[in-house]
Amino acid sequence: MHLCASRLDAMRLATTRMKIVLYSPNFFPLVGGLEHVVLYVAHALVQLGCEVTIVCQTPADAPDAFPFCVLRKASWVKAWAAMHCADAVLMFNVSIKGLPLVLMSGRPWAVSHQTPYGADWRGRVKVWVARHLARRNICCSAHLAAHLGGTAVVIPNPYDEGTFYNGQPWVFRTGDLIFVGRLVSDKGADVLLQALVQLHARGKMLQLTVVGEGPEETALHSLAAQHGLSKWVVFMGAKRGKELSALLQRHRVLVVPSVWPEPFGIVALEGLACGCVVVASHTGGLPEALGGLGLLFPPGDAAALADAIEGIWERPFEVLPDADRVAAHLSCHRREAIAQRYLAVLSEIIR
């Protein structure tokens, strides 16, 4: 639920001039899930009255126009000075390269874990750092917290509520299925195409829009052509922001067929916000992102995915989630709501 205006004003007053450094090697103009989370949290912390600086290694082609400072590929001295002057440092994922800077700053610090760490030596070192050195650990899902082990606070990821919102009523939408994501094997777009093959064999002649780009694009084109689906599958390339929101608002069903355990899945929130029925793999943090408001199927199971999609067209009004429940779920993922939870953790570690 949203805080009332007086409580928000009180929080802004209490946090005015609180200095926070967000350390994330990757940041805009890169546009992955991590970069979006950092951007959303930074904007919301500024709105709550904090002074925010982002330290990253991502170059930019043009001057930044954010309401916060971005230090890109800064020298050690400049990055250390920013951290040393801060009240707290929030690192997004454990960075072995950035760890000495954070430790040398002498400031309280926490880690927001956005992805699991591997089983190699780097992964083991990162888990050890999280468990033994970080003042607080934050995970974007309970699934990820279980992977990390130890004690972690679960703060889910936010979405851009100003861009993604419900538009055209479901029954008047012209698009059938939509996939949004990187065209890599982990995202399971091939599983969705196999499900589409089965749906067509059953007489359900549905159309699919694929939004994204990546190394698997050529193979996916070939798979669609092999099964005679070329005229039923439209590849749109990468779309972002309002253009992506408009596409989602024109489609009835968003499919998130990931075959690897997604740490969270912001795209599921975006689909819900745009009024889509969301069908997602029952893996990783995707069930948490959906909050019981979509359909789940076993990852990699094209037949089960086809069954779920067929059921939507046979009983649409039985699967459309309750609007009030969707609104309540999304309100917990608004940028300011998530930033308030981050701010509560950071306030604890500086006491």
# chains A, B, ... in the order shown; residues from 1 in each chain; ligands from 1
call {"tool": "select_by_dssp", "arguments": {"residues": "region 217-259 of chain A", "states": "alpha helix (DSSP H)", "output": "list in words"}}
result
Glu217, Thr218, Ala219, Leu220, His221, Ser222, Leu223, Ala224, Ala225, Gln226, Gly241, Lys242, Glu243, Leu244, Ser245, Ala246, Leu247, Leu248 and Gln249 of chain A
call {"tool": "write_last_selection", "arguments": {"atoms": "N, CA, C and O atoms", "output": "mmCIF file, in the first residue's frame"}}
result
data_model
loop_
_atom_site.group_PDB
_atom_site.id
_atom_site.type_symbol
_atom_site.label_atom_id
_atom_site.label_comp_id
_atom_site.auth_asym_id
_atom_site.auth_seq_id
_atom_site.Cartn_x
_atom_site.Cartn_y
_atom_site.Cartn_z
ATOM 1 N N GLU A 217 18.572 -15.358 -32.828
ATOM 2 C CA GLU A 217 17.530 -14.855 -33.732
ATOM 3 C C GLU A 217 17.480 -15.628 -35.050
ATOM 4 O O GLU A 217 16.399 -16.015 -35.525
ATOM 5 N N THR A 218 18.633 -15.886 -35.664
ATOM 6 C CA THR A 218 18.653 -16.613 -36.934
ATOM 7 C C THR A 218 18.082 -18.014 -36.773
ATOM 8 O O THR A 218 17.290 -18.484 -37.609
ATOM 9 N N ALA A 219 18.461 -18.685 -35.699
ATOM 10 C CA ALA A 219 17.959 -20.039 -35.453
ATOM 11 C C ALA A 219 16.451 -20.037 -35.237
ATOM 12 O O ALA A 219 15.735 -20.949 -35.682
ATOM 13 N N LEU A 220 15.935 -19.011 -34.580
ATOM 14 C CA LEU A 220 14.491 -18.926 -34.344
ATOM 15 C C LEU A 220 13.747 -18.661 -35.637
ATOM 16 O O LEU A 220 12.657 -19.217 -35.860
ATOM 17 N N HIS A 221 14.300 -17.818 -36.503
ATOM 18 C CA HIS A 221 13.706 -17.618 -37.827
ATOM 19 C C HIS A 221 13.636 -18.944 -38.580
ATOM 20 O O HIS A 221 12.606 -19.274 -39.199
ATOM 21 N N SER A 222 14.715 -19.703 -38.524
ATOM 22 C CA SER A 222 14.766 -20.992 -39.224
ATOM 23 C C SER A 222 13.758 -21.974 -38.655
ATOM 24 O O SER A 222 13.091 -22.709 -39.401
ATOM 25 N N LEU A 223 13.622 -21.987 -37.335
ATOM 26 C CA LEU A 223 12.666 -22.897 -36.694
ATOM 27 C C LEU A 223 11.239 -22.545 -37.099
ATOM 28 O O LEU A 223 10.429 -23.450 -37.388
ATOM 29 N N ALA A 224 10.932 -21.261 -37.138
ATOM 30 C CA ALA A 224 9.589 -20.847 -37.555
ATOM 31 C C ALA A 224 9.326 -21.248 -39.000
ATOM 32 O O ALA A 224 8.241 -21.758 -39.329
ATOM 33 N N ALA A 225 10.320 -21.040 -39.876
ATOM 34 C CA ALA A 225 10.145 -21.395 -41.290
ATOM 35 C C ALA A 225 10.014 -22.904 -41.460
ATOM 36 O O ALA A 225 9.197 -23.389 -42.266
ATOM 37 N N GLN A 226 10.778 -23.654 -40.712
ATOM 38 C CA GLN A 226 10.754 -25.117 -40.796
ATOM 39 C C GLN A 226 9.365 -25.669 -40.518
ATOM 40 O O GLN A 226 8.949 -26.670 -41.113
ATOM 41 N N GLY A 241 10.716 0.991 -23.336
ATOM 42 C CA GLY A 241 9.949 2.144 -22.884
ATOM 43 C C GLY A 241 8.525 2.158 -23.401
ATOM 44 O O GLY A 241 7.828 1.136 -23.432
ATOM 45 N N LYS A 242 8.079 3.316 -23.838
ATOM 46 C CA LYS A 242 6.696 3.495 -24.262
ATOM 47 C C LYS A 242 6.354 2.672 -25.489
ATOM 48 O O LYS A 242 5.209 2.227 -25.649
ATOM 49 N N GLU A 243 7.337 2.451 -26.355
ATOM 50 C CA GLU A 243 7.096 1.627 -27.543
ATOM 51 C C GLU A 243 6.801 0.183 -27.129
ATOM 52 O O GLU A 243 5.887 -0.452 -27.675
ATOM 53 N N LEU A 244 7.537 -0.334 -26.164
ATOM 54 C CA LEU A 244 7.275 -1.683 -25.654
ATOM 55 C C LEU A 244 5.939 -1.736 -24.933
ATOM 56 O O LEU A 244 5.158 -2.690 -25.106
ATOM 57 N N SER A 245 5.656 -0.731 -24.129
ATOM 58 C CA SER A 245 4.378 -0.690 -23.414
ATOM 59 C C SER A 245 3.206 -0.725 -24.393
ATOM 60 O O SER A 245 2.227 -1.452 -24.180
ATOM 61 N N ALA A 246 3.294 0.035 -25.472
ATOM 62 C CA ALA A 246 2.219 0.054 -26.458
ATOM 63 C C ALA A 246 2.029 -1.320 -27.099
ATOM 64 O O ALA A 246 0.891 -1.753 -27.355
ATOM 65 N N LEU A 247 3.139 -2.024 -27.336
ATOM 66 C CA LEU A 247 3.038 -3.375 -27.899
ATOM 67 C C LEU A 247 2.350 -4.318 -26.926
ATOM 68 O O LEU A 247 1.466 -5.101 -27.306
ATOM 69 N N LEU A 248 2.751 -4.280 -25.663
ATOM 70 C CA LEU A 248 2.137 -5.149 -24.664
ATOM 71 C C LEU A 248 0.649 -4.866 -24.542
ATOM 72 O O LEU A 248 -0.168 -5.789 -24.408
ATOM 73 N N GLN A 249 0.266 -3.616 -24.613
ATOM 74 C CA GLN A 249 -1.143 -3.246 -24.473
ATOM 75 C C GLN A 249 -1.996 -3.718 -25.650
ATOM 76 O O GLN A 249 -3.222 -3.759 -25.545
#
call {"tool": "closest_residue", "arguments": {"among": "A:Val127, A:Leu269, A:Ala280, A:Val180", "to": "Phe235 (chain A)", "atoms": "only C-alpha atoms"}}
result
A:Val180
call {"tool": "closest_residue", "arguments": {"among": "A:Ser75, A:Gln198, A:Gln47, A:Ser230", "to": "Asp301 (chain A)", "atoms": "only C-alpha atoms"}}
result
A:Gln198
call {"tool": "select_by_dssp", "arguments": {"residues": "region 93-154 of chain A", "states": "strand (DSSP E)", "output": "ChimeraX atom specification"}}
result
/A:109-113,136-139,153-154
call {"tool": "write_last_selection", "arguments": {"atoms": "N, CA and C atoms", "output": "JSON list (two decimals), in the first residue's frame"}}
result
[["chain", "number", "residue", "atom", "x", "y", "z"],
["A", 109, "TRP", "N", 28.20, -0.64, 4.19],
["A", 109, "TRP", "CA", 27.79, -1.01, 2.84],
["A", 109, "TRP", "C", 26.94, -2.28, 2.86],
["A", 110, "ALA", "N", 26.11, -2.36, 1.84],
["A", 110, "ALA", "CA", 25.23, -3.52, 1.66],
["A", 110, "ALA", "C", 25.31, -3.95, 0.21],
["A", 111, "VAL", "N", 24.84, -5.16, -0.06],
["A", 111, "VAL", "CA", 24.84, -5.69, -1.43],
["A", 111, "VAL", "C", 23.41, -6.03, -1.83],
["A", 112, "SER", "N", 23.02, -5.57, -3.01],
["A", 112, "SER", "CA", 21.77, -6.00, -3.61],
["A", 112, "SER", "C", 22.10, -7.07, -4.65],
["A", 113, "HIS", "N", 21.74, -8.31, -4.35],
["A", 113, "HIS", "CA", 22.06, -9.42, -5.24],
["A", 113, "HIS", "C", 20.96, -9.58, -6.28],
["A", 136, "ARG", "N", 24.82, -5.84, 5.16],
["A", 136, "ARG", "CA", 23.50, -6.41, 4.88],
["A", 136, "ARG", "C", 23.49, -7.00, 3.48],
["A", 137, "ASN", "N", 22.73, -8.07, 3.31],
["A", 137, "ASN", "CA", 22.51, -8.66, 1.99],
["A", 137, "ASN", "C", 21.04, -8.53, 1.63],
["A", 138, "ILE", "N", 20.81, -8.06, 0.41],
["A", 138, "ILE", "CA", 19.46, -7.89, -0.11],
["A", 138, "ILE", "C", 19.34, -8.75, -1.36],
["A", 139, "CYS", "N", 18.28, -9.52, -1.46],
["A", 139, "CYS", "CA", 18.05, -10.36, -2.64],
["A", 139, "CYS", "C", 16.72, -9.97, -3.28],
["A", 153, "VAL", "N", 17.76, -9.99, 3.32],
["A", 153, "VAL", "CA", 16.47, -9.31, 3.23],
["A", 153, "VAL", "C", 15.98, -9.43, 1.79],
["A", 154, "VAL", "N", 14.73, -9.81, 1.61],
["A", 154, "VAL", "CA", 14.17, -9.91, 0.27],
["A", 154, "VAL", "C", 13.47, -8.60, -0.07]]
call {"tool": "closest_residue", "arguments": {"among": "A:Gln194, A:Ser185, A:Thr209, A:Asn26", "to": "Ala60 (chain A)", "atoms": "only C-alpha atoms"}}
result
A:Asn26
call {"tool": "atom_distance", "arguments": {"atom1": "CA of Val279 (chain A)", "atom2": "CA of Val256 (chain A)"}}
result
6.1 Å
call {"tool": "atom_distance", "arguments": {"atom1": "CA of Leu346 (chain A)", "atom2": "CA of Lys73 (chain A)"}}
result
24.9 Å
call {"tool": "closest_residue", "arguments": {"among": "A:His147, A:Arg334, A:Lys126, A:Arg135", "to": "Gly285 (chain A)", "atoms": "only C-alpha atoms"}}
result
A:His147
call {"tool": "residues_around", "arguments": {"residues": "region 92-98 of chain A", "least_positions_apart": "2", "cutoff": "9 Å", "atoms": "only C-alpha atoms", "output": "ChimeraX atom specification"}}
result
/A:22-25,34,38,90,100-103,110-115,122,125-127,129-130
call {"tool": "residues_around", "arguments": {"residues": "Ala201 (chain A)", "least_positions_apart": "5", "cutoff": "12 Å", "atoms": "only C-alpha atoms", "output": "ChimeraX atom specification"}}
result
/A:194-196,206,227-229,303,306,310
call {"tool": "write_last_selection", "arguments": {"atoms": "N, CA, C and O atoms", "output": "tab-separated table (two decimals), in the first residue's frame"}}
result
chain	number	residue	atom	x	y	z
A	194	GLN	N	7.85	-24.07	-30.30
A	194	GLN	CA	7.39	-25.46	-30.33
A	194	GLN	C	5.95	-25.57	-29.82
A	194	GLN	O	5.15	-26.36	-30.33
A	195	ALA	N	5.62	-24.77	-28.80
A	195	ALA	CA	4.24	-24.76	-28.30
A	195	ALA	C	3.30	-24.22	-29.36
A	195	ALA	O	2.16	-24.72	-29.52
A	196	LEU	N	3.75	-23.22	-30.12
A	196	LEU	CA	2.92	-22.65	-31.18
A	196	LEU	C	2.67	-23.69	-32.28
A	196	LEU	O	1.56	-23.76	-32.84
A	206	LEU	N	-2.91	-19.15	-33.73
A	206	LEU	CA	-2.54	-17.94	-33.01
A	206	LEU	C	-1.28	-17.32	-33.61
A	206	LEU	O	-0.43	-18.01	-34.17
A	227	HIS	N	8.64	-25.03	-39.63
A	227	HIS	CA	7.30	-25.51	-39.25
A	227	HIS	C	6.18	-24.71	-39.92
A	227	HIS	O	5.02	-24.82	-39.51
A	228	GLY	N	6.52	-23.95	-40.93
A	228	GLY	CA	5.50	-23.22	-41.67
A	228	GLY	C	4.84	-22.10	-40.88
A	228	GLY	O	3.67	-21.78	-41.10
A	229	LEU	N	5.59	-21.51	-39.96
A	229	LEU	CA	5.02	-20.48	-39.09
A	229	LEU	C	5.46	-19.06	-39.46
A	229	LEU	O	5.13	-18.12	-38.74
A	303	ALA	N	4.58	-28.82	-24.51
A	303	ALA	CA	3.20	-29.33	-24.50
A	303	ALA	C	2.39	-28.70	-23.38
A	303	ALA	O	1.24	-28.30	-23.56
A	306	ALA	N	1.59	-25.17	-24.38
A	306	ALA	CA	0.49	-25.16	-25.35
A	306	ALA	C	-0.84	-25.38	-24.65
A	306	ALA	O	-1.85	-24.72	-24.97
A	310	GLU	N	-3.89	-22.72	-24.71
A	310	GLU	CA	-5.18	-23.17	-25.24
A	310	GLU	C	-6.29	-22.93	-24.22
A	310	GLU	O	-7.40	-22.50	-24.56
call {"tool": "closest_residue", "arguments": {"among": "A:Ser105, A:Ser331, A:Thr151, A:Gln57", "to": "Tyr165 (chain A)", "atoms": "only C-alpha atoms"}}
result
A:Ser331
call {"tool": "residues_around", "arguments": {"residues": "Phe27 (chain A)", "least_positions_apart": "2", "cutoff": "6 Å", "atoms": "only C-alpha atoms", "output": "list in words"}}
result
Leu30, Glu35 and Thr58 of chain A
call {"tool": "residues_around", "arguments": {"residues": "Pro169 (chain A)", "least_positions_apart": "4", "cutoff": "12 Å", "atoms": "only C-alpha atoms", "output": "MDAnalysis selection string"}}
result
chainID A and resid 165 173:175 248:252 274:277 320 323
call {"tool": "closest_residue", "arguments": {"among": "A:Arg315, A:Arg17, A:His36, A:Arg325", "to": "Asn157 (chain A)", "atoms": "only C-alpha atoms"}}
result
A:His36
